[in-house]
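> Sending over upload_38.cif (mmCIF, C-alpha atoms).
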```cif
data_target
loop_
_atom_site.label_atom_id
_atom_site.label_comp_id
_atom_site.auth_asym_id
_atom_site.auth_seq_id
_atom_site.Cartn_x
_atom_site.Cartn_y
_atom_site.Cartn_z
CA MET A 1080 -27.10 -20.46 37.65
CA ARG A 1081 -23.46 -21.23 37.16
CA VAL A 1082 -21.42 -23.33 39.58
CA THR A 1083 -17.62 -23.27 39.40
CA ARG A 1084 -15.22 -25.66 41.01
CA VAL A 1085 -11.46 -25.03 41.08
CA TYR A 1086 -8.85 -27.80 40.77
CA ARG A 1087 -5.07 -27.59 40.92
CA PHE A 1088 -2.33 -29.57 39.21
CA SER A 1089 1.37 -29.25 38.55
CA ALA A 1090 2.84 -30.09 35.17
CA SER A 1091 5.80 -29.37 32.96
CA HIS A 1092 5.89 -28.28 29.33
CA ARG A 1093 8.11 -26.87 26.63
CA LEU A 1094 6.73 -24.56 23.98
CA HIS A 1095 8.19 -25.49 20.62
CA ALA A 1096 6.51 -25.62 17.22
CA ASP A 1097 8.08 -28.15 14.85
CA SER A 1098 6.98 -26.10 11.85
CA LEU A 1099 9.15 -23.17 12.92
CA SER A 1100 12.95 -22.87 12.84
CA GLY A 1101 15.01 -23.03 16.01
CA GLU A 1102 15.53 -19.30 15.77
CA GLN A 1103 11.83 -18.57 15.24
CA ASN A 1104 10.92 -20.78 18.22
CA ALA A 1105 13.42 -19.01 20.43
CA GLU A 1106 12.10 -15.65 19.26
CA LEU A 1107 8.42 -16.54 19.73
CA TYR A 1108 8.45 -18.52 22.95
CA GLY A 1109 11.52 -17.05 24.65
CA LYS A 1110 12.29 -18.81 27.95
CA CYS A 1111 9.37 -21.17 27.36
CA ASN A 1112 11.42 -22.69 24.53
CA ASN A 1113 14.35 -23.70 26.78
CA PRO A 1114 15.25 -27.27 25.77
CA TYR A 1115 14.36 -29.22 28.93
CA GLY A 1116 11.08 -27.50 29.67
CA HIS A 1117 9.76 -26.01 32.90
CA GLY A 1118 6.66 -26.34 35.06
CA HIS A 1119 3.69 -24.52 36.56
CA ASP A 1120 1.13 -24.97 39.32
CA TYR A 1121 -2.02 -24.63 37.27
CA ALA A 1122 -5.47 -23.81 38.68
CA ILE A 1123 -8.36 -24.84 36.45
CA HIS A 1124 -11.88 -23.51 37.00
CA ILE A 1125 -14.64 -25.76 35.63
CA SER A 1126 -17.98 -23.93 35.30
CA VAL A 1127 -21.28 -25.70 34.75
CA ARG A 1128 -24.73 -24.24 34.18
CA GLY A 1129 -27.94 -25.69 35.55
CA VAL A 1130 -30.88 -25.12 37.84
CA PRO A 1131 -30.59 -26.00 41.55
CA HIS A 1132 -32.81 -28.97 42.38
CA SER A 1133 -35.84 -27.82 44.38
CA ASN A 1134 -35.27 -30.31 47.24
CA THR A 1135 -31.50 -30.60 47.41
CA GLY A 1136 -30.51 -27.07 46.38
CA ARG A 1137 -27.73 -28.47 44.21
CA VAL A 1138 -27.10 -27.94 40.49
CA LEU A 1139 -25.11 -31.17 40.49
CA ASN A 1140 -23.32 -33.49 42.87
CA VAL A 1141 -20.04 -31.62 43.48
CA GLY A 1142 -18.34 -34.78 44.76
CA ALA A 1143 -19.26 -36.56 41.53
CA LEU A 1144 -17.83 -33.63 39.52
CA ASP A 1145 -14.64 -33.88 41.58
CA ARG A 1146 -14.36 -37.59 40.79
CA TYR A 1147 -15.04 -37.02 37.09
CA VAL A 1148 -12.53 -34.16 36.75
CA THR A 1149 -9.93 -36.17 38.66
CA GLU A 1150 -10.43 -39.15 36.37
CA ARG A 1151 -10.55 -37.18 33.10
CA LEU A 1152 -8.06 -34.37 33.73
CA LEU A 1153 -6.01 -34.54 36.89
CA THR A 1154 -4.76 -38.10 36.43
CA ALA A 1155 -3.68 -37.13 32.89
CA TYR A 1156 -2.01 -33.82 33.76
CA ASP A 1157 -0.90 -33.79 37.37
CA HIS A 1158 2.85 -34.32 37.84
CA ASN A 1159 3.21 -35.16 34.16
CA ASP A 1160 4.94 -33.61 31.17
CA LEU A 1161 2.34 -32.13 28.85
CA ASN A 1162 4.54 -32.66 25.77
CA ARG A 1163 5.19 -36.34 26.33
CA ASP A 1164 2.89 -37.86 28.92
CA VAL A 1165 -0.60 -36.86 27.81
CA PRO A 1166 -2.10 -39.12 25.12
CA GLY A 1167 -4.22 -37.31 22.56
CA PHE A 1168 -2.93 -33.79 23.32
CA VAL A 1169 -2.98 -31.90 20.04
CA GLY A 1170 -0.46 -29.15 19.27
CA VAL A 1171 2.04 -27.16 21.29
CA PRO A 1172 1.11 -27.38 25.01
CA THR A 1173 0.33 -23.70 25.41
CA THR A 1174 -2.35 -22.99 27.96
CA GLU A 1175 -4.71 -22.13 25.08
CA ASN A 1176 -4.30 -25.71 23.82
CA LEU A 1177 -4.49 -27.05 27.37
CA ALA A 1178 -7.90 -25.39 27.77
CA ILE A 1179 -9.05 -26.93 24.46
CA ASP A 1180 -7.77 -30.36 25.54
CA SER A 1181 -9.50 -30.04 28.94
CA ASP A 1182 -12.78 -29.03 27.33
CA ARG A 1183 -12.60 -31.99 24.92
CA ARG A 1184 -11.71 -34.49 27.66
CA LEU A 1185 -14.59 -33.30 29.81
CA ARG A 1186 -17.15 -33.27 26.99
CA ASP A 1187 -16.16 -36.73 25.69
CA ALA A 1188 -17.96 -38.64 28.44
CA TRP A 1189 -19.89 -35.84 30.25
CA PRO A 1190 -22.15 -37.75 32.66
CA PHE A 1191 -24.25 -34.94 34.19
CA ASP A 1192 -27.78 -34.60 32.78
CA THR A 1193 -28.65 -31.65 34.98
CA ALA A 1194 -25.66 -29.45 34.18
CA GLU A 1195 -24.00 -28.20 31.02
CA LEU A 1196 -20.27 -27.47 30.76
CA GLU A 1197 -20.02 -23.72 30.13
CA ARG A 1198 -16.47 -22.57 30.79
CA VAL A 1199 -12.90 -23.74 31.32
CA PHE A 1200 -10.68 -21.07 32.87
CA ILE A 1201 -7.01 -21.84 33.50
CA GLN A 1202 -4.64 -19.81 35.60
CA GLU A 1203 -1.14 -20.77 34.41
CA THR A 1204 0.61 -18.41 36.81
CA GLY A 1205 -0.60 -15.56 38.98
CA ARG A 1206 -0.18 -13.34 35.92
CA ASN A 1207 -1.46 -15.42 33.00
CA SER A 1208 -4.96 -16.80 32.62
CA PHE A 1209 -6.90 -18.27 29.71
CA GLU A 1210 -10.65 -18.62 29.36
CA LEU A 1211 -12.62 -20.83 27.00
CA GLY A 1212 -16.39 -20.48 26.98
CA LYS A 1213 -18.79 -17.84 28.16
CA SER A 1214 -18.47 -15.09 30.73
CA PRO A 1215 -21.61 -14.72 32.90
CA GLY A 1216 -22.60 -11.64 30.87
CA GLU A 1217 -22.28 -13.42 27.54
CA ALA A 1218 -24.23 -16.39 28.83
CA ARG A 1219 -27.07 -14.07 29.82
CA LYS A 1220 -27.16 -12.19 26.52
CA LYS A 1221 -27.56 -15.45 24.61
CA LYS A 1222 -30.68 -16.45 26.56
CA MET B 932 -21.93 -0.74 29.02
CA MET B 933 -19.53 -0.99 31.90
CA LEU B 934 -19.47 -3.29 34.91
CA ILE B 935 -18.52 -2.34 38.44
CA THR B 936 -18.02 -4.86 41.23
CA ARG B 937 -18.08 -4.43 44.99
CA ARG B 938 -16.79 -7.19 47.25
CA ALA B 939 -17.98 -8.07 50.76
CA GLU B 940 -17.34 -10.89 53.20
CA PHE B 941 -19.33 -12.66 55.84
CA SER B 942 -18.72 -15.70 58.01
CA ALA B 943 -21.57 -18.07 58.72
CA SER B 944 -22.27 -21.66 59.59
CA HIS B 945 -24.65 -24.00 57.85
CA ARG B 946 -25.66 -27.60 57.58
CA CYS B 947 -26.60 -29.11 54.23
CA TYR B 948 -29.05 -31.94 54.74
CA SER B 949 -32.22 -32.76 52.84
CA SER B 950 -34.96 -34.72 54.58
CA SER B 951 -36.13 -35.83 51.11
CA LEU B 952 -32.99 -38.02 50.85
CA SER B 953 -31.78 -41.08 52.74
CA GLU B 954 -28.78 -40.80 55.08
CA GLU B 955 -26.64 -42.46 52.44
CA GLN B 956 -27.80 -40.09 49.70
CA ASN B 957 -27.18 -37.09 51.96
CA LEU B 958 -23.64 -38.21 52.62
CA ASP B 959 -23.05 -38.81 48.92
CA LEU B 960 -24.44 -35.43 47.85
CA TYR B 961 -23.23 -33.14 50.63
CA GLY B 962 -20.24 -35.13 51.92
CA GLU B 963 -19.12 -34.07 55.36
CA ARG B 964 -21.44 -31.11 54.98
CA ALA B 965 -24.15 -33.45 56.24
CA SER B 966 -22.59 -33.53 59.75
CA SER B 967 -25.33 -32.90 62.25
CA HIS B 968 -24.32 -29.56 63.81
CA GLY B 969 -22.97 -27.92 60.70
CA HIS B 970 -19.76 -26.04 60.07
CA GLY B 971 -18.74 -22.61 58.80
CA HIS B 972 -17.25 -20.72 55.88
CA ASN B 973 -15.79 -17.31 55.16
CA TYR B 974 -18.09 -16.43 52.31
CA VAL B 975 -16.98 -13.83 49.77
CA LEU B 976 -19.65 -11.97 47.86
CA GLU B 977 -18.99 -10.02 44.65
CA VAL B 978 -21.83 -7.77 43.56
CA THR B 979 -21.61 -6.59 39.96
CA ILE B 980 -23.65 -3.67 38.63
CA ASP B 981 -23.93 -2.69 34.99
CA GLY B 982 -24.53 0.77 33.62
CA GLU B 983 -23.01 3.84 32.04
CA PRO B 984 -20.86 6.37 33.90
CA ASP B 985 -22.86 9.53 34.63
CA PRO B 986 -21.45 12.42 32.55
CA VAL B 987 -21.35 14.74 35.56
CA THR B 988 -20.08 12.47 38.34
CA GLY B 989 -18.10 10.03 36.20
CA MET B 990 -19.59 7.22 38.24
CA ILE B 991 -21.92 4.37 37.29
CA VAL B 992 -23.26 4.35 40.80
CA ASP B 993 -22.19 5.65 44.19
CA LEU B 994 -20.24 2.68 45.59
CA LYS B 995 -20.72 3.94 49.14
CA LEU B 996 -24.45 3.49 48.65
CA VAL B 997 -23.89 0.02 47.22
CA LYS B 998 -21.72 -0.87 50.21
CA ASP B 999 -24.42 0.33 52.63
CA ILE B 1000 -27.13 -1.67 50.84
CA ILE B 1001 -25.01 -4.84 50.88
CA ASN B 1002 -24.27 -4.34 54.58
CA GLU B 1003 -27.88 -3.62 55.56
CA ARG B 1004 -29.52 -6.32 53.49
CA VAL B 1005 -27.02 -9.17 53.56
CA ILE B 1006 -24.07 -8.79 55.92
CA GLU B 1007 -26.08 -7.73 58.98
CA LEU B 1008 -28.45 -10.62 58.37
CA MET B 1009 -25.94 -13.39 57.71
CA ASP B 1010 -22.60 -12.48 59.27
CA HIS B 1011 -21.74 -14.62 62.30
CA ARG B 1012 -25.04 -16.47 62.09
CA HIS B 1013 -26.02 -20.09 61.68
CA LEU B 1014 -27.97 -19.93 58.43
CA ASN B 1015 -30.26 -22.90 59.21
CA HIS B 1016 -31.26 -21.62 62.64
CA GLU B 1017 -31.17 -17.85 62.28
CA VAL B 1018 -31.71 -16.83 58.66
CA PRO B 1019 -35.02 -17.73 57.01
CA PRO B 1020 -35.77 -19.36 54.60
CA PHE B 1021 -32.86 -21.65 55.47
CA ASP B 1022 -34.90 -23.31 58.20
CA GLN B 1023 -36.87 -24.74 55.26
CA VAL B 1024 -34.47 -24.50 52.32
CA VAL B 1025 -31.08 -26.27 52.24
CA PRO B 1026 -28.39 -23.55 52.50
CA THR B 1027 -26.24 -24.75 49.62
CA VAL B 1028 -24.10 -22.06 48.02
CA GLU B 1029 -26.57 -22.12 45.12
CA ASN B 1030 -29.53 -21.36 47.38
CA VAL B 1031 -27.66 -18.76 49.44
CA ALA B 1032 -26.69 -16.94 46.22
CA ARG B 1033 -30.29 -16.96 45.04
CA GLU B 1034 -31.48 -15.55 48.37
CA ILE B 1035 -28.83 -12.82 48.30
CA TRP B 1036 -30.00 -11.83 44.81
CA LYS B 1037 -33.58 -11.55 46.11
CA LEU B 1038 -32.44 -9.39 49.03
CA LEU B 1039 -30.24 -7.09 46.95
CA GLN B 1040 -32.02 -6.72 43.64
CA PRO B 1041 -34.83 -4.36 44.76
CA GLY B 1042 -32.28 -2.04 46.40
CA LEU B 1043 -29.90 -1.94 43.46
CA GLN B 1044 -32.07 -0.46 40.73
CA PHE B 1045 -30.85 2.98 39.74
CA LYS B 1046 -31.59 5.38 36.91
CA ASN B 1047 -28.76 4.18 34.70
CA ALA B 1048 -27.51 1.11 36.53
CA ASN B 1049 -28.83 -2.23 37.70
CA LEU B 1050 -27.69 -5.34 39.50
CA SER B 1051 -26.07 -7.56 36.88
CA ASN B 1052 -24.52 -10.56 38.63
CA ILE B 1053 -23.60 -11.86 42.01
CA ARG B 1054 -20.74 -14.22 42.59
CA LEU B 1055 -20.64 -16.04 45.90
CA TYR B 1056 -17.55 -17.95 47.00
CA GLU B 1057 -18.21 -20.59 49.65
CA THR B 1058 -14.50 -21.45 49.58
CA ASN B 1059 -11.64 -20.51 47.23
CA ASP B 1060 -12.49 -23.63 45.26
CA LEU B 1061 -16.28 -23.43 44.98
CA TYR B 1062 -18.30 -20.46 43.76
CA VAL B 1063 -21.51 -19.68 41.92
CA ASP B 1064 -22.60 -16.90 39.58
CA TYR B 1065 -26.25 -15.88 39.62
CA ALA B 1066 -27.92 -13.26 37.48
CA GLY B 1067 -31.54 -13.70 38.53
CA GLU B 1068 -32.42 -16.50 36.13
CA ILE B 1069 -35.98 -17.60 36.91
CA SER B 1070 -35.68 -21.29 36.10
#
```
Turn the structure described in the file into structure tokens.


Amino acid sequence: MRVTRVYRFSASHRLHADSLSGEQNAELYGKCNNPYGHGHDYAIHISVRGVPHSNTGRVLNVGALDRYVTERLLTAYDHNDLNRDVPGFVGVPTTENLAIDSDRRLRDAWPFDTAELERVFIQETGRNSFELGKSPGEARKKK
Amino acid sequence: MMLITRRAEFSASHRCYSSSLSEEQNLDLYGERASSHGHGHNYVLEVTIDGEPDPVTGMIVDLKLVKDIINERVIELMDHRHLNHEVPPFDQVVPTVENVAREIWKLLQPGLQFKNANLSNIRLYETNDLYVDYAGEIS
């Protein structure tokens, strides 16, 4: 069974690749390349897979997941600038790279024996979303 | 293969408390959900069926039939009920969202087996910020 918890944070970013020219950056990223950056209210879905405990009915302690995600992700991202305020962030802070960074941060010290991290899904705006990991269908096929 | 999803809602109350745990452990695991009389949610259920569209009808399955089965087997049973007091097995089993999803699968699965389509997944939202996906895994 897969349990998903949704968290929200607000952050700013500017999309700009140093390896490209100013013109190429403007062409590729458009408004997202504007010099002072801009922000989003992100929603991040963290999905874990496990078996509900026979007595408690829980795959994992949801409060403990909340504390872990707050410590590992939200304190790093929320009300910060993804380009300048997040130590260890690799690459342009696209939401693709944000999903990779989130996955790495969560896996680094993953404390839950009973549940495996299966998916990070980030909604950048109501229109853009990015998914890293397995859909429920893919997870089933692999079994 | 193609997937088709039907959504339904029900409102119910529950209390999550396990007599196998101490008071302190209950509070830690279930938080305020351990309060003695329970509380309620507007649950949202998404029922996903996989199959191939029928060459004649162009449909994987008649969604009206799916709607009726969800209503008869789940909504009529759980909507505006206190799960612990009125909906077995939740007098014995803690009605966490995990366990409610597993019970809904058990109720729906026998009714949603068609010639070219079968129940694939259920997603149950307890709130906007907590949901489970269950596909009938045994363990």

> For chain B, list the residues within 9 Å of chain A, counting all atoms listed in the file, and write the list as an NGL selection string.

:B and (947-952 or 959-962 or 1024-1030 or 1033 or 1051-1052 or 1059-1068 or 1070)

> Choose the residue, out of A:Ala1155, A:Ser1100, A:Leu1211, A:Gly1167, that has the smallest atom-to-atom separation from Asp1182 in chain A; count only C-alpha atoms.

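Of the candidates, the smallest distance to Asp1182 in chain A is held by A:Leu1211.
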
> Selection in question (the file shown): the PyMOL selection byres ((chain A and resi 1170-1178) around 12). Which residues does it include, as a VMD selection string?

chain A and resid 1090 to 1099 1104 1108 1111 to 1112 1116 to 1119 1121 to 1125 1152 1155 to 1156 1160 to 1169 1179 to 1185 1198 to 1204 1207 to 1212

> Just the residues within 7 Å of range 990-1001 of chain B, please, counting all atoms listed in the file, with nothing from its chain fewer than 6 positions along; format it as a ChimeraX atom specification.

/B:982-984,1039,1042,1048

> So how many Å separate CA of Met1009 in chain B and CA of Gln1023 in chain B, to one decimal?

15.9 Å

> To one decimal place in Å, what is the distance between CA of Glu955 in chain B and CA of Glu1017 in chain B?

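Spanning CA of Glu955 in chain B to CA of Glu1017 in chain B is a straight-line distance of 26.9 Å.
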
> Could you jot down the CA of Ile1053 in chain B to CA of Ala1032 in chain B separation for me, Å, one decimal place?

7.3 Å

> Kindly provide, as a VMD selection string, the polymer residues lying within 12 Å of (-22.1, -38.2, 32.9), counting only C-alpha atoms and using the coordinates exactly as they appear in the file.

chain A and resid 1139 to 1140 1143 to 1144 1146 to 1148 1151 1185 to 1196

> Which is closer to Gly1101 in chain A than all the others in A:Pro1114, A:Ser1089, A:Glu1197, A:Thr1154, using all atoms listed in the file?

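Checking each of A:Pro1114, A:Ser1089, A:Glu1197, A:Thr1154 against Gly1101 in chain A, counting all atoms listed in the file, the winner is A:Pro1114.
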
> Around all of range 1110-1119 of chain A's listed atoms, make the axis-aligned box with 3 Å on each side and tell me centre and edge lengths in Å to one decimal, as lines of an AutoDock Vina configuration file.


```
center_x = 9.5
center_y = -24.0
center_z = 30.5
size_x = 17.6
size_y = 16.4
size_z = 18.0
```

> If we count only C-alpha atoms and set the cut-off at 6 Å, which residues sit around Leu976 in chain B, ignoring sequence neighbours fewer than 3 positions away in its own chain? Please answer as a PDB file with C-alpha atoms, in the frame of the given file.


```pdb
ATOM      1  CA  ARG B 938     -16.790  -7.190  47.250  1.00  0.00           C
ATOM      2  CA  ALA B 939     -17.980  -8.070  50.760  1.00  0.00           C
ATOM      3  CA  GLU B 940     -17.340 -10.890  53.200  1.00  0.00           C
ATOM      4  CA  ARG B1054     -20.740 -14.220  42.590  1.00  0.00           C
ATOM      5  CA  LEU B1055     -20.640 -16.040  45.900  1.00  0.00           C
TER       6      LEU B1055
END
```

> Report the residues retrieved by the PyMOL selection byres ((chain B and resi 937) around 6) from the displayed file, expressed as a PyMOL selection string.

chain B and resi 936+938+977-978

> Point out the residue among B:Leu934, B:Leu1050, B:Leu958, B:Ala943 with the least atom-to-atom distance to Val1018 in chain B, counting all atoms listed in the file.

B:Ala943

> To verify the selection step, state as a compact mmCIF listing (two decimals) with C-alpha atoms, keeping the file's coordinate frame which residues the PyMOL selection byres ((chain B and resi 970) around 7) yields on this input.


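Below is the file that was written, selection12.txt:
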```
# COMPACT_ATOMS: atom_id res chain seq x y z
CA SER B 944 -22.27 -21.66 59.59
CA HIS B 945 -24.65 -24.00 57.85
CA ARG B 946 -25.66 -27.60 57.58
CA HIS B 968 -24.32 -29.56 63.81
CA GLY B 969 -22.97 -27.92 60.70
CA GLY B 971 -18.74 -22.61 58.80
```
